[in-house]
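Dropping upload14.txt in here (compact mmCIF, C-alpha atoms):
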```txt
# COMPACT_ATOMS: atom_id res chain seq x y z
CA MET A 1 0.00 0.00 0.00
CA SER A 2 1.27 3.47 -0.83
CA HIS A 3 1.30 5.84 2.09
CA SER A 4 2.02 9.10 0.29
CA ALA A 5 -0.47 11.62 -1.02
CA GLY A 6 -0.03 14.21 -3.74
CA LEU A 7 -1.73 17.60 -3.62
CA ALA A 8 -4.16 16.37 -6.27
CA ASP A 9 -5.14 13.58 -3.88
CA TYR A 10 -6.30 16.11 -1.29
CA ARG A 11 -8.61 17.61 -3.91
CA ALA A 12 -9.78 14.17 -5.02
CA ALA A 13 -10.62 13.16 -1.45
CA LEU A 14 -12.58 16.30 -0.61
CA THR A 15 -14.51 16.25 -3.92
CA THR A 16 -15.40 12.55 -3.72
CA PRO A 17 -19.15 12.09 -4.34
CA GLY A 18 -20.91 12.07 -1.00
CA ALA A 19 -18.06 13.74 0.90
CA CYS A 20 -19.15 17.37 0.74
CA GLY A 21 -22.01 17.21 3.27
CA PRO A 22 -20.15 15.23 5.97
CA VAL A 23 -16.98 17.30 5.50
CA LEU A 24 -18.77 20.63 5.96
CA THR A 25 -20.94 19.56 8.88
CA SER A 26 -18.04 17.81 10.63
CA LEU A 27 -16.09 21.07 10.42
CA LEU A 28 -18.84 22.80 12.39
CA ALA A 29 -19.12 19.95 14.89
CA ARG A 30 -15.38 19.71 15.54
CA LEU A 31 -14.61 23.44 15.61
CA PRO A 32 -15.33 23.70 19.38
CA VAL A 33 -13.60 20.40 20.27
CA ALA A 34 -10.75 22.26 22.00
CA MET A 35 -13.03 25.06 23.13
CA ILE A 36 -15.63 23.44 25.37
CA GLY A 37 -13.25 22.09 28.01
CA LEU A 38 -11.37 25.39 28.31
CA ALA A 39 -14.60 27.40 28.31
CA MET A 40 -15.91 25.13 31.07
CA LEU A 41 -12.73 25.77 33.06
CA PHE A 42 -13.16 29.55 32.74
CA TYR A 43 -16.87 29.33 33.53
CA VAL A 44 -16.47 27.28 36.71
CA GLN A 45 -13.53 29.39 37.88
CA ARG A 46 -15.43 32.65 37.47
CA ALA A 47 -18.53 31.21 39.13
CA THR A 48 -16.75 29.58 42.08
CA GLY A 49 -13.63 31.71 42.37
CA SER A 50 -11.58 28.51 42.60
CA PHE A 51 -9.02 27.31 40.07
CA ALA A 52 -8.79 24.06 42.03
CA THR A 53 -12.48 23.29 41.52
CA ALA A 54 -12.33 24.38 37.89
CA GLY A 55 -9.33 22.13 37.28
CA LEU A 56 -11.11 19.12 38.75
CA VAL A 57 -14.18 19.72 36.58
CA SER A 58 -12.01 20.13 33.47
CA ALA A 59 -10.10 16.93 34.28
CA ALA A 60 -13.38 15.07 34.78
CA ALA A 61 -14.53 16.23 31.33
CA LEU A 62 -11.28 14.89 29.81
CA VAL A 63 -11.83 11.52 31.44
CA GLY A 64 -15.40 11.54 30.16
CA VAL A 65 -14.17 12.13 26.60
CA ALA A 66 -11.66 9.27 26.98
CA VAL A 67 -14.39 6.85 28.05
CA GLY A 68 -17.09 8.12 25.73
CA SER A 69 -14.99 7.95 22.58
CA VAL A 70 -14.50 4.19 22.89
CA VAL A 71 -18.08 3.43 23.91
CA GLN A 72 -19.49 5.51 21.07
CA GLY A 73 -17.02 4.09 18.57
CA ARG A 74 -17.95 0.52 19.40
CA ILE A 75 -21.67 1.22 19.14
CA ILE A 76 -21.25 3.02 15.80
CA ASP A 77 -19.32 0.08 14.36
CA ARG A 78 -22.10 -2.30 15.39
CA VAL A 79 -25.24 -0.39 14.38
CA GLY A 80 -24.07 2.40 12.08
CA PRO A 81 -23.42 6.07 12.93
CA THR A 82 -26.71 7.94 12.54
CA TRP A 83 -28.78 6.82 15.54
CA PRO A 84 -25.90 6.68 18.03
CA LEU A 85 -24.83 10.18 17.06
CA LEU A 86 -28.39 11.53 17.28
CA ILE A 87 -28.92 9.99 20.72
CA THR A 88 -25.50 11.09 21.98
CA THR A 89 -26.11 14.63 20.77
CA ALA A 90 -29.42 14.74 22.63
CA LEU A 91 -27.72 13.50 25.80
CA PHE A 92 -24.93 16.04 25.33
CA THR A 93 -27.51 18.83 25.04
CA ALA A 94 -29.11 17.71 28.29
CA MET A 95 -25.75 17.44 30.08
CA VAL A 96 -24.63 20.92 29.03
CA ALA A 97 -27.94 22.36 30.22
CA THR A 98 -27.56 20.49 33.51
CA ALA A 99 -24.00 21.78 33.91
CA VAL A 100 -25.14 25.38 33.42
CA VAL A 101 -27.95 24.96 35.97
CA CYS A 102 -25.55 23.42 38.50
CA VAL A 103 -22.92 26.12 38.08
CA GLU A 104 -25.46 28.92 38.26
CA ASN A 105 -26.93 27.45 41.45
CA ALA A 106 -23.52 26.98 43.11
CA ALA A 107 -23.75 23.18 43.30
CA ALA A 108 -21.26 21.29 45.45
CA THR A 109 -17.89 20.43 43.92
CA PRO A 110 -18.63 16.67 43.61
CA VAL A 111 -21.79 17.51 41.65
CA LEU A 112 -19.85 19.82 39.33
CA ILE A 113 -17.24 17.11 38.79
CA GLY A 114 -20.00 14.64 37.95
CA VAL A 115 -21.65 16.88 35.38
CA GLY A 116 -18.23 17.71 33.91
CA PHE A 117 -17.66 14.00 33.38
CA GLY A 118 -21.13 13.72 31.83
CA VAL A 119 -20.45 16.54 29.38
CA GLY A 120 -17.24 14.85 28.23
CA LEU A 121 -18.84 11.40 28.11
CA THR A 122 -21.66 12.53 25.84
CA GLU A 123 -19.69 14.74 23.46
CA PRO A 124 -20.61 13.35 20.02
CA MET A 125 -17.46 11.73 18.62
CA ILE A 126 -17.67 13.23 15.14
CA GLY A 127 -13.89 12.99 14.79
CA SER A 128 -13.92 9.19 14.98
CA ALA A 129 -16.97 8.86 12.74
CA SER A 130 -15.56 11.29 10.19
CA ARG A 131 -12.21 9.52 10.08
CA ALA A 132 -13.91 6.10 9.71
CA MET A 133 -16.09 7.46 6.88
CA TRP A 134 -13.11 7.50 4.53
CA THR A 135 -12.60 3.73 4.88
CA TYR A 136 -15.75 3.15 2.84
CA LEU A 137 -15.95 6.39 0.87
CA VAL A 138 -12.60 6.13 -0.96
CA PRO A 139 -10.37 3.14 -1.75
CA ALA A 140 -7.14 2.44 0.12
CA GLY A 141 -4.18 4.34 -1.31
CA PRO A 142 -3.00 7.94 -1.76
CA VAL A 143 -6.47 9.49 -1.85
CA ARG A 144 -7.49 7.90 1.44
CA ASN A 145 -4.16 8.89 2.98
CA ALA A 146 -4.76 12.46 1.82
CA ALA A 147 -8.15 12.31 3.56
CA TYR A 148 -6.46 11.18 6.79
CA ALA A 149 -3.94 14.01 6.47
CA TYR A 150 -6.82 16.44 5.99
CA GLU A 151 -8.48 15.13 9.14
CA ALA A 152 -5.29 15.64 11.16
CA ILE A 153 -4.63 19.09 9.72
CA SER A 154 -8.19 20.30 10.27
CA MET A 155 -8.10 19.13 13.89
CA GLU A 156 -4.88 21.04 14.42
CA VAL A 157 -6.55 24.17 13.03
CA PHE A 158 -9.42 23.67 15.49
CA PHE A 159 -6.92 23.40 18.33
CA ILE A 160 -5.68 26.85 17.29
CA LEU A 161 -9.12 28.43 16.92
CA GLY A 162 -10.82 26.77 19.91
CA PRO A 163 -8.69 28.25 22.70
CA ALA A 164 -8.64 31.61 20.91
CA MET A 165 -12.45 31.66 20.78
CA SER A 166 -12.64 30.67 24.45
CA GLY A 167 -10.26 33.48 25.33
CA LEU A 168 -12.44 36.00 23.51
CA LEU A 169 -15.73 34.77 24.96
CA VAL A 170 -14.43 34.71 28.53
CA ALA A 171 -14.72 38.49 28.45
CA ALA A 172 -18.47 38.28 27.71
CA PRO A 173 -20.84 39.61 30.40
CA TRP A 174 -21.99 36.08 31.24
CA ALA A 175 -19.23 33.61 32.08
CA GLY A 176 -21.07 30.67 30.51
CA THR A 177 -21.20 32.21 27.04
CA GLY A 178 -18.24 30.18 25.76
CA VAL A 179 -19.69 26.89 26.99
CA VAL A 180 -23.09 27.50 25.39
CA ALA A 181 -21.66 28.86 22.13
CA GLY A 182 -19.32 25.89 21.76
CA ALA A 183 -22.07 23.43 22.63
CA VAL A 184 -24.52 24.92 20.11
CA CYS A 185 -21.88 24.75 17.39
CA MET A 186 -21.14 21.10 18.20
CA ILE A 187 -24.82 20.15 18.43
CA VAL A 188 -25.80 21.72 15.10
CA GLY A 189 -22.77 20.24 13.35
CA ALA A 190 -23.28 16.78 14.84
CA LEU A 191 -26.96 16.69 13.88
CA GLY A 192 -26.14 17.83 10.37
CA PHE A 193 -23.36 15.23 10.03
CA ALA A 194 -25.52 12.38 11.31
CA LEU A 195 -28.35 13.22 8.91
CA THR A 196 -26.31 13.58 5.71
CA PRO A 197 -27.19 10.93 3.09
CA THR A 198 -23.65 9.51 3.15
CA ILE A 199 -23.68 8.88 6.89
CA ARG A 200 -27.29 7.67 6.95
CA ALA A 201 -26.45 5.14 4.23
CA ARG A 202 -23.63 3.55 6.18
CA ARG A 203 -24.37 0.10 7.56
CA PRO A 204 -22.27 -2.16 9.80
CA GLN A 205 -19.76 -4.13 7.71
CA ARG A 206 -19.34 -7.87 7.74
CA GLY A 207 -17.23 -8.97 10.64
CA ALA A 208 -18.27 -6.16 12.99
CA PRO A 209 -17.04 -7.13 16.47
CA ALA A 210 -19.73 -8.31 18.83
CA GLY A 211 -19.77 -9.71 22.32
CA LYS A 212 -16.10 -9.09 23.05
CA LEU A 213 -15.38 -7.00 26.12
CA LEU A 214 -12.05 -5.56 24.96
CA GLY A 215 -13.10 -5.10 21.33
CA MET A 216 -10.49 -3.57 19.04
CA ILE A 217 -7.97 -2.91 21.81
CA ALA A 218 -7.49 -6.67 22.10
CA ARG A 219 -5.62 -6.54 18.78
CA PRO A 220 -1.85 -6.16 19.31
CA GLY A 221 -1.56 -3.72 16.43
CA VAL A 222 -4.24 -1.42 17.84
CA GLN A 223 -2.45 -1.56 21.20
CA THR A 224 0.76 -0.41 19.52
CA VAL A 225 -0.89 2.49 17.71
CA ALA A 226 -2.64 3.48 20.95
CA LEU A 227 0.71 3.35 22.77
CA ALA A 228 2.22 5.69 20.18
CA ALA A 229 -0.77 8.01 20.56
CA PHE A 230 -0.40 7.90 24.35
CA GLY A 231 3.25 8.94 24.08
CA PHE A 232 2.22 11.73 21.71
CA GLY A 233 -0.35 12.98 24.24
CA VAL A 234 2.01 12.72 27.22
CA THR A 235 4.73 14.73 25.51
CA ILE A 236 2.32 17.45 24.38
CA GLY A 237 0.75 17.57 27.84
CA PHE A 238 4.07 18.57 29.40
CA ILE A 239 4.45 21.45 26.93
CA GLU A 240 0.87 22.74 27.23
CA VAL A 241 1.54 23.54 30.89
CA ALA A 242 5.23 24.51 30.73
CA ALA A 243 5.02 26.99 27.84
CA PRO A 244 2.26 29.17 29.37
CA ALA A 245 4.09 28.92 32.71
CA ALA A 246 7.23 30.28 31.05
CA ALA A 247 5.27 33.20 29.63
CA THR A 248 3.72 33.93 33.02
CA ALA A 249 7.10 33.75 34.76
CA ALA A 250 8.46 36.25 32.23
CA GLY A 251 5.63 38.65 33.05
CA HIS A 252 3.84 38.19 29.73
CA ALA A 253 1.06 35.70 30.49
CA PRO A 254 -0.93 36.35 27.27
CA VAL A 255 2.10 35.26 25.23
CA GLY A 256 1.50 31.68 26.44
CA GLY A 257 -1.35 31.33 23.98
CA LEU A 258 0.77 32.81 21.19
CA LEU A 259 3.51 30.23 21.87
CA LEU A 260 1.03 27.38 21.49
CA GLY A 261 -0.26 29.07 18.35
CA LEU A 262 3.25 29.07 16.83
CA TRP A 263 3.49 25.37 17.61
CA SER A 264 0.20 24.70 15.84
CA ILE A 265 0.98 26.88 12.81
CA SER A 266 4.17 24.96 12.00
CA SER A 267 2.30 21.72 12.62
CA VAL A 268 -0.34 22.54 10.01
CA ALA A 269 2.16 23.89 7.45
CA PHE A 270 4.56 20.95 7.69
CA GLY A 271 1.73 18.43 8.03
CA LEU A 272 0.41 19.36 4.59
CA LEU A 273 3.83 18.80 3.02
CA TYR A 274 4.46 15.63 5.02
CA GLY A 275 1.25 14.11 3.67
CA VAL A 276 2.68 14.42 0.16
CA ARG A 277 5.85 12.48 0.99
CA PRO A 278 5.74 10.80 4.42
CA TRP A 279 8.84 9.28 5.98
CA PRO A 280 9.86 6.63 6.99
CA ARG A 281 8.01 4.64 4.39
CA PRO A 282 7.26 1.52 6.52
CA MET A 283 4.45 2.31 8.97
CA ALA A 284 6.04 0.01 11.55
CA LEU A 285 9.01 2.39 11.70
CA ARG A 286 7.07 5.60 11.11
CA LEU A 287 5.28 5.49 14.46
CA PRO A 288 8.37 5.20 16.73
CA VAL A 289 10.59 7.44 14.55
CA LEU A 290 8.09 10.31 14.48
CA LEU A 291 7.42 10.07 18.23
CA GLY A 292 11.11 9.78 19.09
CA GLY A 293 12.06 12.66 16.77
CA PHE A 294 9.32 14.81 18.24
CA ALA A 295 10.49 14.07 21.79
CA LEU A 296 14.07 15.03 20.90
CA LEU A 297 12.89 18.32 19.42
CA VAL A 298 10.90 18.99 22.60
CA ALA A 299 14.15 18.71 24.59
CA LEU A 300 15.35 21.81 22.71
CA LEU A 301 12.72 23.85 24.55
CA ALA A 302 14.79 23.62 27.74
CA ILE A 303 17.64 25.61 26.13
CA PRO A 304 16.20 29.10 25.35
CA THR A 305 16.40 31.77 28.03
CA SER A 306 13.97 34.18 26.34
CA LEU A 307 10.40 33.90 25.10
CA ILE A 308 11.56 34.64 21.55
CA GLY A 309 13.96 31.71 21.68
CA LEU A 310 11.26 29.51 23.18
CA GLY A 311 8.90 30.50 20.37
CA VAL A 312 11.46 29.53 17.74
CA ALA A 313 12.06 26.18 19.45
CA MET A 314 8.32 25.50 19.67
CA PHE A 315 7.86 26.39 16.00
CA ILE A 316 10.52 23.80 15.12
CA ALA A 317 9.12 21.11 17.44
CA GLY A 318 5.62 21.69 16.10
CA THR A 319 6.60 20.39 12.67
CA LEU A 320 6.21 16.80 13.89
CA VAL A 321 2.79 17.16 15.54
CA THR A 322 0.44 16.72 12.57
CA PRO A 323 2.61 14.03 10.90
CA GLN A 324 2.09 11.86 13.99
CA ALA A 325 -1.68 12.36 13.96
CA THR A 326 -1.72 11.46 10.27
CA ALA A 327 0.39 8.36 10.91
CA HIS A 328 -2.00 7.21 13.66
CA SER A 329 -4.92 7.36 11.22
CA ALA A 330 -3.04 5.56 8.45
CA ALA A 331 -1.80 2.89 10.85
CA ILE A 332 -5.35 2.04 11.91
CA ASP A 333 -5.95 0.88 8.33
CA GLN A 334 -3.22 -1.71 8.81
CA VAL A 335 -4.10 -3.01 12.25
CA ALA A 336 -7.91 -2.99 12.34
CA PRO A 337 -10.61 -4.22 9.93
CA PRO A 338 -12.97 -1.64 8.40
CA SER A 339 -15.76 -3.13 10.52
CA GLY A 340 -14.01 -1.90 13.67
CA ALA A 341 -12.41 1.27 12.32
CA THR A 342 -14.48 3.73 14.37
CA GLU A 343 -13.78 1.99 17.68
CA ALA A 344 -10.11 1.47 16.81
CA PHE A 345 -9.62 5.15 16.09
CA ALA A 346 -11.60 5.97 19.24
CA TRP A 347 -8.91 4.12 21.19
CA VAL A 348 -6.38 6.49 19.63
CA ILE A 349 -8.41 9.47 20.85
CA THR A 350 -8.68 7.91 24.30
CA ALA A 351 -4.94 7.25 24.43
CA VAL A 352 -4.09 10.82 23.42
CA THR A 353 -6.57 12.23 25.94
CA LEU A 354 -5.23 10.15 28.82
CA GLY A 355 -1.69 11.03 27.79
CA LEU A 356 -2.54 14.72 27.81
CA ALA A 357 -4.08 14.44 31.27
CA LEU A 358 -1.04 12.60 32.64
CA GLY A 359 1.45 14.95 31.00
CA GLN A 360 -0.35 18.07 32.16
CA SER A 361 -0.65 16.91 35.76
CA ALA A 362 3.00 15.82 35.96
CA SER A 363 4.17 19.00 34.25
CA GLY A 364 2.30 21.15 36.75
CA GLN A 365 4.11 19.47 39.63
CA LEU A 366 7.52 19.86 37.97
CA VAL A 367 6.92 23.50 37.07
CA GLU A 368 5.92 24.33 40.62
CA HIS A 369 8.49 22.29 42.55
CA VAL A 370 11.51 21.89 40.25
CA GLY A 371 11.53 24.36 37.39
CA ILE A 372 10.00 24.97 34.00
CA TRP A 373 13.03 23.52 32.21
CA SER A 374 12.49 20.18 33.97
CA ALA A 375 9.03 19.78 32.41
CA TYR A 376 10.50 20.03 28.91
CA LEU A 377 13.22 17.49 29.66
CA VAL A 378 10.98 14.99 31.44
CA GLY A 379 8.42 15.28 28.63
CA ALA A 380 11.19 14.56 26.11
CA VAL A 381 12.47 11.57 28.09
CA ALA A 382 8.95 10.16 28.43
CA GLY A 383 8.42 10.50 24.67
CA VAL A 384 11.71 8.77 23.84
CA LEU A 385 11.02 5.90 26.25
CA ILE A 386 7.54 5.30 24.86
CA ALA A 387 8.92 5.53 21.31
CA GLY A 388 11.33 2.76 22.31
CA LEU A 389 8.44 0.59 23.46
CA VAL A 390 6.60 1.25 20.18
CA TYR A 391 9.74 0.22 18.28
CA LEU A 392 9.94 -3.04 20.21
CA ARG A 393 6.33 -3.75 19.19
CA ARG A 394 6.83 -2.76 15.54
CA SER A 395 6.14 -6.28 14.29
CA THR A 396 2.49 -5.86 15.31
CA VAL A 397 2.03 -2.97 12.84
CA GLN A 398 2.03 -4.86 9.57
CA GLU A 399 -0.38 -4.63 6.68
CA PRO A 400 -2.51 -7.78 6.87
CA SER A 401 -2.79 -9.96 3.79
CA PRO A 402 -6.29 -10.43 2.34
CA ALA A 403 -6.26 -14.08 3.44
CA ALA A 404 -5.24 -13.18 6.98
CA GLU A 405 -7.97 -10.55 7.17
CA GLU A 406 -10.59 -13.04 6.05
CA VAL A 407 -9.49 -15.37 8.85
CA ALA A 408 -9.65 -12.52 11.35
CA LEU A 409 -13.14 -11.54 10.26
CA ALA A 410 -14.36 -15.10 10.48
CA ALA A 411 -12.89 -15.65 13.96
```
Turn this file's structure into structure tokens for me.
Amino acid sequence: MSHSAGLADYRAALTTPGACGPVLTSLLARLPVAMIGLAMLFYVQRATGSFATAGLVSAAALVGVAVGSVVQGRIIDRVGPTWPLLITTALFTAMVATAVVCVENAAATPVLIGVGFGVGLTEPMIGSASRAMWTYLVPAGPVRNAAYAYEAISMEVFFILGPAMSGLLVAAPWAGTGVVAGAVCMIVGALGFALTPTIRARRPQRGAPAGKLLGMIARPGVQTVALAAFGFGVTIGFIEVAAPAAATAAGHAPVGGLLLGLWSISSVAFGLLYGVRPWPRPMALRLPVLLGGFALLVALLAIPTSLIGLGVAMFIAGTLVTPQATAHSAAIDQVAPPSGATEAFAWVITAVTLGLALGQSASGQLVEHVGIWSAYLVGAVAGVLIAGLVYLRRSTVQEPSPAAEEVALAA
């Protein structure tokens, strides 16, 4: 299988018959994906006056997303995407409304944590469903790989816009404006996506997993891709705390968001070029090499003594962010059958989310008790070590032969 994609392949993927509706509606649904959690943090903090409470609620929402992505992915693979997404969107609407009522009525912290978890749990997983759509909309090869690259690049753009939108809306007269605006955007987009003819026409494929507790994560190859995604999330988690802390320590707190923006800009720019000619060619080597290279670049962040130098280092390190996300999507094609693609990719989302949570929490402790530089170095070491584990498991990331896949489906 070829794993490169020319610029013409991006155009071919996005103009594939049946792709326009899902692509446009998924853009709307995923735009606030990095906005809702941050807006919830700001909302709870302004309502309670406590960063500690707000942090717990935000963490609970992250855990909810980690759990919900797998549950939703498995259900979608078994029954198709439309009804699960419609039901989940309705539940999400109810949970956001409940969260607003609880915050406005000064509910106890455990209650706020519970509704935060519920909001994350019921977020409609349009990202997984959209990524899985390409497995049956376009054939395997450069066009599908271009579609995966587009998915990764668009998500990176949303991770730039989401926090920026939250930062703007936090100044609104009502502190919950960001939460409601993000939720409405996600609800409208999710409903539109679920009701497009392409998504409504999708049916479970032969061999859809049923009755197995572990599902797709029982496959060694999916475990390896999830491990790579976990290392990716851990490493980024360290930086997402350390970089804003560096800006705050320098007396320029707003620059923290700009630093993360530089990181994302280089990620998008290089990610587009990387999709045209990815390297290394073998996927089994691509996962550990990209993660290890990224971790080594992150170590450079410990060197600069000024915010300008840190910005340059982050711009360089950011070049390997989107290529990893693209590789995770492409690798799923090799380690999971199309019948389990949504759940398999959901495990990637879960792994990244848990990695982010772990990296952020550890980074906060290091920043406070050791020094900002230590967070960069520990994040780099963690990434290199996990990349080593992925390399040791590289034999599990092999493209299955048609005969082998038939056996797997029949098992």
In Å, how far is it from atom CA of A:Val44 to atom CA of A:Pro32?
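Computing it gives 17.7 Å between the two atoms.
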Residue list as a list in words for point (-21.3, 2.0, 19.0), cut-off 10 Å, all atoms listed in the file:
Ser69, Val70, Val71, Gln72, Gly73, Arg74, Ile75, Ile76, Asp77, Arg78, Val79, Gly80, Pro81, Trp83, Pro84, Leu85, Gly340, Thr342 and Glu343 of chain A
For A:Gly118, which residue out of A:Pro22, A:Gly221, A:Pro173, A:Gly64 is the nearest one, using only C-alpha atoms?
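Distance minimum relative to A:Gly118 lands on A:Gly64.
Candidate residues A:Ala54, A:Leu310, A:Leu366, A:Ile199 were compared for distance to A:Met40, and the nearest is A:Ala54, using only C-alpha atoms.
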For atom CA of A:Thr177 and atom CA of A:Gln45, quote the distance in Å rounded to one decimal.
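Taking atom CA of A:Thr177 as the start and atom CA of A:Gln45 as the end point, the length is 13.6 Å.
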With distances taken over only C-alpha atoms, which residue among A:Leu227, A:Val23, A:Ile308, A:Ile217 lies nearest A:Val255?
A:Ile308
Residues within 10 Å of (2.0, 19.5, 6.7), counting only C-alpha atoms, listed as a list of chain:residue names:
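Residues close enough to count: A:Ala149, A:Tyr150, A:Ala152, A:Ile153, A:Ile265, A:Ser266, A:Ser267, A:Val268, A:Ala269, A:Phe270, A:Gly271, A:Leu272, A:Leu273, A:Tyr274, A:Gly275, A:Val276, A:Arg277, A:Pro278, A:Thr319, A:Leu320, A:Val321, A:Thr322, A:Pro323, A:Thr326.
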